Structures are given as C-alpha cells and as structure tokens.
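Enquirer: Below is the file work_13.cif, which contains mmCIF, C-alpha atoms and all ligand atoms.
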```cif
data_protein
loop_
_atom_site.group_PDB
_atom_site.id
_atom_site.type_symbol
_atom_site.label_atom_id
_atom_site.label_comp_id
_atom_site.auth_asym_id
_atom_site.auth_seq_id
_atom_site.Cartn_x
_atom_site.Cartn_y
_atom_site.Cartn_z
ATOM 1 C CA MET A 203 98.978 117.058 131.186
ATOM 2 C CA SER A 204 101.701 115.781 128.947
ATOM 3 C CA ARG A 205 103.964 112.914 129.709
ATOM 4 C CA PRO A 206 107.585 113.194 128.858
ATOM 5 C CA ARG A 207 108.243 111.427 125.610
ATOM 6 C CA GLN A 208 110.087 108.177 125.655
ATOM 7 C CA PRO A 209 113.271 108.626 123.757
ATOM 8 C CA ARG A 210 113.013 106.797 120.481
ATOM 9 C CA PRO A 211 115.615 104.078 120.064
ATOM 10 C CA SER A 212 118.432 105.192 117.852
ATOM 11 C CA ILE A 213 118.527 103.881 114.312
ATOM 12 C CA PRO A 214 121.316 101.342 114.998
ATOM 13 C CA ASP A 215 119.343 100.024 117.996
ATOM 14 C CA ARG A 216 116.243 99.623 115.896
ATOM 15 C CA TYR A 217 118.185 97.664 113.312
ATOM 16 C CA SER A 218 119.729 95.337 115.845
ATOM 17 C CA ARG A 219 116.410 94.779 117.610
ATOM 18 C CA ARG A 220 114.686 93.925 114.335
ATOM 19 C CA PHE A 221 117.584 91.697 113.390
ATOM 20 C CA ARG A 222 117.335 89.819 116.668
ATOM 21 C CA ASP A 223 113.549 89.386 116.257
ATOM 22 C CA LEU A 224 113.949 87.982 112.768
ATOM 23 C CA LYS A 225 116.644 85.570 113.928
ATOM 24 C CA GLN A 226 114.233 84.286 116.563
ATOM 25 C CA GLU A 227 111.758 83.384 113.834
ATOM 26 C CA PHE A 228 114.272 80.825 112.613
ATOM 27 C CA GLN A 229 113.686 78.925 115.835
ATOM 28 C CA GLN A 230 110.099 78.269 114.777
ATOM 29 C CA LEU A 231 111.044 76.617 111.497
ATOM 30 C CA GLU A 232 110.296 72.945 111.027
ATOM 31 C CA TYR A 233 111.876 70.573 108.519
ATOM 32 C CA PHE A 234 111.909 72.153 105.094
ATOM 33 C CA CYS A 235 112.228 70.951 101.504
ATOM 34 C CA LYS A 236 112.940 73.031 98.466
ATOM 35 C CA GLY A 237 110.502 72.559 95.607
ATOM 36 C CA THR A 238 106.829 72.485 94.798
ATOM 37 C CA ILE A 239 104.076 69.912 94.943
ATOM 38 C CA LEU A 240 102.297 69.273 91.683
ATOM 39 C CA LYS A 241 98.860 67.774 91.382
ATOM 40 C CA ARG A 242 98.231 65.920 88.165
ATOM 41 C CA MET A 243 95.211 64.346 86.530
ATOM 42 C CA MET A 244 96.225 61.736 83.975
ATOM 43 C CA LYS A 245 94.927 59.990 80.894
ATOM 44 C CA CYS A 246 95.386 56.244 81.087
ATOM 45 C CA GLY A 247 95.759 55.444 77.421
ATOM 46 C CA LYS A 248 92.945 52.888 77.204
ATOM 47 C CA ALA A 249 90.979 53.498 74.033
ATOM 48 C CA GLN A 250 87.540 53.056 75.616
ATOM 49 C CA CYS A 251 88.177 55.025 78.784
ATOM 50 C CA ALA A 252 86.223 58.238 79.348
ATOM 51 C CA CYS A 253 89.437 60.031 80.276
ATOM 52 C CA ARG A 254 90.357 60.172 76.607
ATOM 53 C CA GLN A 255 87.606 62.659 75.743
ATOM 54 C CA ASP A 256 86.684 64.352 78.994
ATOM 55 C CA PRO A 257 89.356 66.181 81.004
ATOM 56 C CA ALA A 258 87.061 65.997 84.054
ATOM 57 C CA LYS A 259 87.212 62.184 83.891
ATOM 58 C CA ARG A 260 90.964 61.910 84.000
ATOM 59 C CA HIS A 261 92.491 59.717 86.694
ATOM 60 C CA GLY A 262 94.028 60.968 89.851
ATOM 61 C CA PRO A 263 94.945 63.117 91.470
ATOM 62 C CA TYR A 264 98.571 62.056 91.356
ATOM 63 C CA PHE A 265 101.084 64.081 93.270
ATOM 64 C CA GLU A 266 104.653 64.900 92.482
ATOM 65 C CA TRP A 267 107.289 66.750 94.371
ATOM 66 C CA THR A 268 109.535 68.634 92.011
ATOM 67 C CA TYR A 269 112.743 70.503 92.740
ATOM 68 C CA LYS A 270 115.998 71.444 91.128
ATOM 69 C CA ALA A 271 119.313 69.873 92.041
ATOM 70 C CA LYS A 272 122.533 70.834 90.238
ATOM 71 C CA GLY A 273 120.520 72.494 87.492
ATOM 72 C CA LYS A 274 118.334 69.459 86.860
ATOM 73 C CA THR A 275 114.686 69.053 87.696
ATOM 74 C CA VAL A 276 113.960 66.120 89.955
ATOM 75 C CA ASN A 277 110.457 64.655 90.126
ATOM 76 C CA VAL A 278 109.405 62.368 92.926
ATOM 77 C CA LYS A 279 106.039 60.630 92.895
ATOM 78 C CA LEU A 280 104.117 61.007 96.130
ATOM 79 C CA THR A 281 101.258 58.954 97.458
ATOM 80 C CA PRO A 282 98.249 60.922 98.757
ATOM 81 C CA GLU A 283 99.236 59.811 102.274
ATOM 82 C CA VAL A 284 102.677 61.416 102.259
ATOM 83 C CA MET A 285 101.854 64.404 100.048
ATOM 84 C CA PRO A 286 100.852 66.650 103.010
ATOM 85 C CA MET A 287 104.282 66.114 104.632
ATOM 86 C CA PHE A 288 106.036 67.403 101.552
ATOM 87 C CA ARG A 289 103.559 70.218 101.132
ATOM 88 C CA THR A 290 104.210 71.335 104.712
ATOM 89 C CA ALA A 291 107.962 71.027 104.209
ATOM 90 C CA SER A 292 107.837 73.105 101.041
ATOM 91 C CA GLN A 293 105.795 75.773 102.842
ATOM 92 C CA GLN A 294 108.491 75.828 105.517
ATOM 93 C CA TYR A 295 111.099 76.270 102.815
ATOM 94 C CA ARG A 296 109.249 79.299 101.430
ATOM 95 C CA LYS A 297 109.069 80.687 104.940
ATOM 96 C CA LEU A 298 112.811 80.193 105.316
ATOM 97 C CA LYS A 299 113.504 81.993 102.045
ATOM 98 C CA SER A 300 111.254 84.891 102.941
ATOM 99 C CA LEU A 301 112.873 85.187 106.337
ATOM 100 C CA LEU A 302 116.322 85.073 104.799
ATOM 101 C CA ASN A 303 115.351 87.781 102.295
ATOM 102 C CA ARG A 304 114.084 90.031 105.068
ATOM 103 C CA LEU A 305 117.250 89.448 107.087
ATOM 104 C CA GLU A 306 119.366 90.212 104.056
ATOM 105 C CA ARG A 307 117.569 93.468 103.277
ATOM 106 C CA LEU A 308 117.770 94.564 106.882
ATOM 107 C CA SER A 309 121.452 93.618 107.100
ATOM 108 C CA GLN A 310 122.259 95.515 103.956
ATOM 109 C CA THR A 311 120.507 98.623 105.213
ATOM 110 C CA ALA A 312 122.203 98.356 108.609
ATOM 111 C CA VAL A 313 125.667 97.848 107.134
ATOM 112 C CA ARG A 314 125.184 100.754 104.725
ATOM 113 C CA HIS A 315 124.084 102.901 107.620
ATOM 114 C CA GLN A 316 127.128 101.864 109.665
ATOM 115 C CA ALA A 317 129.416 102.556 106.739
ATOM 116 C CA LYS A 318 127.913 106.004 106.240
ATOM 117 C CA ARG A 319 128.382 106.857 109.912
ATOM 118 C CA ALA A 320 131.935 105.566 109.905
ATOM 119 C CA GLN A 321 132.625 107.594 106.783
ATOM 120 C CA SER A 322 131.272 110.824 108.194
ATOM 121 C CA ALA A 323 133.107 110.291 111.485
ATOM 122 C CA TYR A 324 136.268 109.851 109.513
ATOM 123 C CA ARG A 325 135.614 113.065 107.590
ATOM 124 C CA ASP A 326 134.889 115.225 110.670
HETATM 125 ZN ZN ZN A 401 91.384 56.353 81.674
#
```
Could I get this structure in the form of structure tokens?
Expert:
Amino acid sequence: MSRPRQPRPSIPDRYSRRFRDLKQEFQQLEYFCKGTILKRMMKCGKAQCACRQDPAKRHGPYFEWTYKAKGKTVNVKLTPEVMPMFRTASQQYRKLKSLLNRLERLSQTAVRHQAKRAQSAYRD
C-alpha cells in the first residue's frame, strides 16, 4: 500500500522557510563582542627568577581581549574573573557572524533564483 506523496514545497517556499528559521536563531543570541581572548605567560624580568630560563615557569596566565577598531588593534587586559564573560561574548560574536554568512548565502541564492524566474517569465 502506497501513500500519496506529500507535495514537496516549491523552491521559493523552501528558501523563505529556511530564511525564517535562520532569522529566529538571532533571537537566541546573547551580548556579543568582536575579538579574541589571548592567554599569555610572561617573563618578569628579574634576573634570578626561574621564568628567565624555563618557559614552563613563566608567570600567568594573563588574559587579554584583542580586537580591531578603525584599523587599529586594541588590547584590553582582563582579570581571570572577568575573562569568561569576554570569552562567552566573543563566542556569541562568532555565532553572529556565522549566522549572518549563512543568511547572506541563502539570500543571494534566493534572489538569483527570483531573478532567473522573473527573467524567464519576461522572455516567455
Ligand atoms: Zn619571573
């Protein structure tokens, strides 16, 4: 016994459904910050300190949030207590960018498709 097939959604419907789904993902975004979190181990400069010879005995970790603004790199020192907030915010930023890229690709495909249909309708 075979069931009648569900009609597949047309291509434009699939695009608009996917577009709507992706837009909903924006709702789940939390505060975001552009940039990356750097973890640094430092030498202190004291002549007798072990950090001078042994990289494993360097001091730290020290954290920095780094991002670009107007073409310049900005570095902000972070305490270990606040570092996770910036790390989370920078993860959210990457999520935003990825979402935006997916929306852009989908939009471009959908608009091209629309244009092609409009063009062939015009020709017929
Ligand atoms: Zn040292």
Enquirer: Which one of A:Arg207, A:Tyr217, A:Ala249, A:Asp223 sits closest to ligand ZN 401 (chain A) if you count all atoms listed in the file?
Expert: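 Closest to ligand ZN 401 (chain A), using all atoms listed in the file: A:Ala249.
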Enquirer: Measuring between only C-alpha atoms and all ligand atoms, which one of A:Pro214, A:Gly237, A:Pro257, A:Gly247 shows the shortest distance to ligand ZN 401 (chain A)?
Expert: A:Gly247
Enquirer: Taking all atoms listed in the file into account, which of A:Ala323, A:Leu298, A:Met244, A:Val284 comes nearest ligand ZN 401 (chain A)?
Expert: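 Smallest distance to ligand ZN 401 (chain A) is found for A:Met244.
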Enquirer: Please expand the PyMOL selection byres (((not hetatm)) within 7 of (chain A and resi 401)) into the concrete residues it hits in this file, giving the result as a ChimeraX atom specification.
Expert: /A:245-248,251-254,260-261
Enquirer: Which value, in Å to one decimal, gives the distance between CA of Leu240 in chain A and CA of Glu266 in chain A?
Expert: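 Atom-to-atom, CA of Leu240 in chain A and CA of Glu266 in chain A are spaced 5.0 Å apart.
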Enquirer: Just give me the gap between CA of Gln316 in chain A and CA of Lys297 in chain A in Å, one decimal is fine.
Expert: 28.2 Å
Enquirer: Would you mind listing what lies within 12 Å of range 308-310 of chain A as a list of chain:residue names, with all atoms listed in the file counted and same-chain residues fewer than 3 positions away left out?
Expert: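 Neighbouring residues, sequence-local ones excluded: A:Ile213, A:Pro214, A:Arg216, A:Tyr217, A:Ser218, A:Arg219, A:Arg220, A:Phe221, A:Arg222, A:Asp223, A:Leu224, A:Lys225, A:Leu301, A:Leu302, A:Asn303, A:Arg304, A:Leu305, A:Val313, A:Arg314, A:His315, A:Gln316, A:Ala317.
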Enquirer: Atoms to include: C-alpha atoms. Write the selected residues as a PDB file, in the frame of the given file.
Expert:
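Saved result, result-v1.pdb, follows:
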```pdb
ATOM      1  CA  ILE A 213     118.527 103.881 114.312  1.00  0.00           C
ATOM      2  CA  PRO A 214     121.316 101.342 114.998  1.00  0.00           C
ATOM      3  CA  ARG A 216     116.243  99.623 115.896  1.00  0.00           C
ATOM      4  CA  TYR A 217     118.185  97.664 113.312  1.00  0.00           C
ATOM      5  CA  SER A 218     119.729  95.337 115.845  1.00  0.00           C
ATOM      6  CA  ARG A 219     116.410  94.779 117.610  1.00  0.00           C
ATOM      7  CA  ARG A 220     114.686  93.925 114.335  1.00  0.00           C
ATOM      8  CA  PHE A 221     117.584  91.697 113.390  1.00  0.00           C
ATOM      9  CA  ARG A 222     117.335  89.819 116.668  1.00  0.00           C
ATOM     10  CA  ASP A 223     113.549  89.386 116.257  1.00  0.00           C
ATOM     11  CA  LEU A 224     113.949  87.982 112.768  1.00  0.00           C
ATOM     12  CA  LYS A 225     116.644  85.570 113.928  1.00  0.00           C
ATOM     13  CA  LEU A 301     112.873  85.187 106.337  1.00  0.00           C
ATOM     14  CA  LEU A 302     116.322  85.073 104.799  1.00  0.00           C
ATOM     15  CA  ASN A 303     115.351  87.781 102.295  1.00  0.00           C
ATOM     16  CA  ARG A 304     114.084  90.031 105.068  1.00  0.00           C
ATOM     17  CA  LEU A 305     117.250  89.448 107.087  1.00  0.00           C
ATOM     18  CA  VAL A 313     125.667  97.848 107.134  1.00  0.00           C
ATOM     19  CA  ARG A 314     125.184 100.754 104.725  1.00  0.00           C
ATOM     20  CA  HIS A 315     124.084 102.901 107.620  1.00  0.00           C
ATOM     21  CA  GLN A 316     127.128 101.864 109.665  1.00  0.00           C
ATOM     22  CA  ALA A 317     129.416 102.556 106.739  1.00  0.00           C
TER      23      ALA A 317
END
```
Enquirer: Give the answer as one residue: which of A:Gln250, A:Thr311, A:Asp256, A:Tyr264 has the shortest atom-to-atom distance to Pro282 in chain A, using all atoms listed in the file?
Expert: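 Closest candidate: A:Tyr264.
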Enquirer: So which residues touch Ala291 in chain A within 12 Å, counting all atoms listed in the file, skipping near sequence neighbours fewer than 6 positions away, as a ChimeraX atom specification?
Expert: /A:231-239,267,284-285,297-298
Enquirer: Can you measure CA of Gln226 in chain A to CA of Lys318 in chain A for me? One decimal in Å is fine.
Expert: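 Computing it gives 27.7 Å between the two atoms.
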